[in-house]
Structures are given as structure tokens and as C-alpha cells.
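Shown next, in C-alpha cells, is the structure this report addresses.
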Amino acid sequence: MTQTASRPASSRPSESPDPLVHQLYVIGGQQRRPRPIRADVMEGDWYEYNEGIALKIDIATARIDVVAEYETPEGARPLENPAILYKSGSLVGDRLYATTQTEVLVYRMPSWELETRLSLPFFNDVHHARPTARGTILVAVTGLDMVAEVTLDGDVVNEWNVLEPGAGVWGGRFSKDVDYRLVPTTKPHLAHPNHVFLIGDEPWATRFHQKDAISLLDPSRRIDIGVERLHDGVVYGDRVYFTSVDGRVVIADTRTLKVVEVINLGSMHEPDTLLGWCRGLLLDGDRLWIGFSRIRPTAFRENVAWVSRGFRRSMATHVACYDLRERRLVSEIKTEDAGLNAVFGIFAAG
């Protein structure tokens, strides 16, 4: 379903002149009410969402419009407490390749016309999709610790086991006979690939738990990030930008495969500020837009162990702009009033 509706925003408009990007698309999910507290599970879960939400944000005025809302259809989601939200995506030309927990959606932009909906039985906790030059789509199937290359018709061209490169996907932990779209979760994940990217024509995937990125064609080619658990892997020229969940941006050289810079976004805020779960990245000249989702309880406590490191001020879900040249925060725009409780992707609009 696509709609346009203005909702109020709590924000500070941009202070720096002449941005290259004037409007943003921000995609993610609307939070469902958390479940009651149990002794063995902390209240709520990362994926308790009931709707995918896409926002259009005017940077100068901080006006927010809801431009798309989406609900995964029955048959492609678990029967009880399904996770319904947009995950990360790729904007290439006038097509946005967005993902949900169990689907790849191709939208024609800027109309948000849904052209293609692809859902295959092994799609579980799908985090990201990226088209290739040959017309296929790379899909990070996080729930099965794999990356698949598929066609728009749903034919599988390649499958990669990112936990054990070179090994097959099937016959161990996972079975081809299971429809994983109906399985609420396969956690704990052992690699958790959550982003795919291309260096030239070479496909790569980030590995959340290993804190690295590996070539799918030659796993000996590896970028060792090693700061915190990772999201994103966005290529700009000869650099690839990664976000770490604790608010750092790691920049690596695509030629040497070495980290060239680590930017601590927290240093541009008041001391002891908990920015949120850092995910979603857009480079805008000397500016960097980053998404932060409010830290919510999770059954997998190890994923948020860094939260206990003395933070006191916790921020709501928002997107923030940083001036990389002057190393300062430019603006923050909160998204929760517009119904977006978790940010997964940020893209240039127009």
C-alpha cells in the first residue's frame, strides 16, 4: 500500500549550507507492543514489528511524509507474531530493491509502485538485496547464514554458505524440505550476513558476528573490521563504508582490503550518550547520514553487551547527519512520531 501523509517531526533542521542531497528516503519498521516479561527472555524482541514503513524527509525543513506502508501477505510469514518490516535495500537508478523478513520487493521510484515481489521457501530473516550487472539479485539470507543469487523469476543461480565458505548450504543445520518463511526464527545465527555489496563484479558479504566482510568468490579475500558487530557495507568509489552497532563508521580501501579510518560518531555527541543501534548509511559529499534505532531489550543479550559500558542518555530512533570534514554533528531528525521505530536503510530521494 502506498500513501502520502504528513506527520509531525521532532528535530533540528540542517545547519550546514548546500547539501548535495535535499531529501531522504528512510525505511524500517513500526514496533508492535512488547510481550510480557518472562524470566528467560527480556521484554520484547528486535523483530517484533507489525508493518514496514517508508518515510520521505525534507532535510531543510525536517518535514516527514509517509510514502509507503507494507504488510507481508499470509503464506509468506509465520502464523503467530510475524516480523513485518522493511529491512535494508539498494537504490539503483529508479529501482529500490527492498527486503522484508521473507521477501525481496522491487519498487519503481519515485512513485513507490511495487513491480516485483519475490519470496522463496528459504527466505528467512532476509536483511539486504543488491542487483548485479547481469540482472540477477544478491540476497543476504541472514536466517540461514547464506547469500543467494537469484533471478527476478525466482530461479537460484548461486548459493554461498558464509559461515563455512566452500561448504554446501543444505544437509547440515538447514533442510531444503522446510519452508523457512513460516519459521519465526532460526537464531542463534552463527555468521549473520546482513549486507551484500560489489567490488567491481565481485560479490561480497558482511558477517555480523565475525566482524568482517568476505568475498563470496574467494573467501581468502577478506576485510577484517574487528571493532564491533557490523551492519551495512556501502561502496563509494574505492572505499567501502561499514557501520558498527555501537556507533562507529569503518572505512576500508577496496583495493588493499585494509581499514583506512574508523570514525567514532559518539565523539560528536555529549559524553555517555547512547545513540542507538547504528544501521543505515548514506554518503552525501562531506556529509554522512546515519540511522540509529532505539535500543530495545533482546533475548540475545550478547548482541547488546556494549550497551552496559556506562551509557546514561538513551536516544529515540532517528537519523543524523555528520560533517566529516569538520567532525561535527549537523542535524538529527527523529522518526518515531511518524511511526518508524527501527531504521534499516537510508537513500537519496530525487
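Ordering of the C-alpha cells sets the chain letters (A, B, ...); residue numbers start at 1 within each chain; ligands are numbered from 1 in the order shown.
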When you look at range 185-202 of chain A with a cut-off of 8 Å (counting only C-alpha atoms), what residues show up, excluding the ones that are within fewer than 4 positions of it in the same chain? I need them as a PyMOL selection string.
chain A and resi 88+124-130+132-133+138-147+162-163+206-210+215-217+231-235+254+300
- Query: What lies within 7 Å of range 21-24 of chain A using only C-alpha atoms, ignoring chain neighbours under 4 positions off, as a list of chain:residue names?
  - Reply: A:Lys56, A:Ile57, A:Asp58, A:Ile59, A:Asp284, A:Ile346, A:Phe347, A:Ala348, A:Ala349
What lies within 9 Å of Leu265 in chain A using only C-alpha atoms, ignoring chain neighbours under 6 positions off, as a ChimeraX atom specification? /A:247-249,275,322,327-329
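Comparing A:Arg294, A:Lys87, A:Arg255, A:Arg32 by their smallest distance to Thr335 in chain A, the closest is A:Arg294 (using only C-alpha atoms).
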Problem set entry | Residue with smallest distance to Asn341 in chain A - pool A:Gly285, A:Gly266, A:Pro110, A:Gly276, counting only C-alpha atoms |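 The shortest atom-to-atom distance to Asn341 in chain A comes from A:Gly276.
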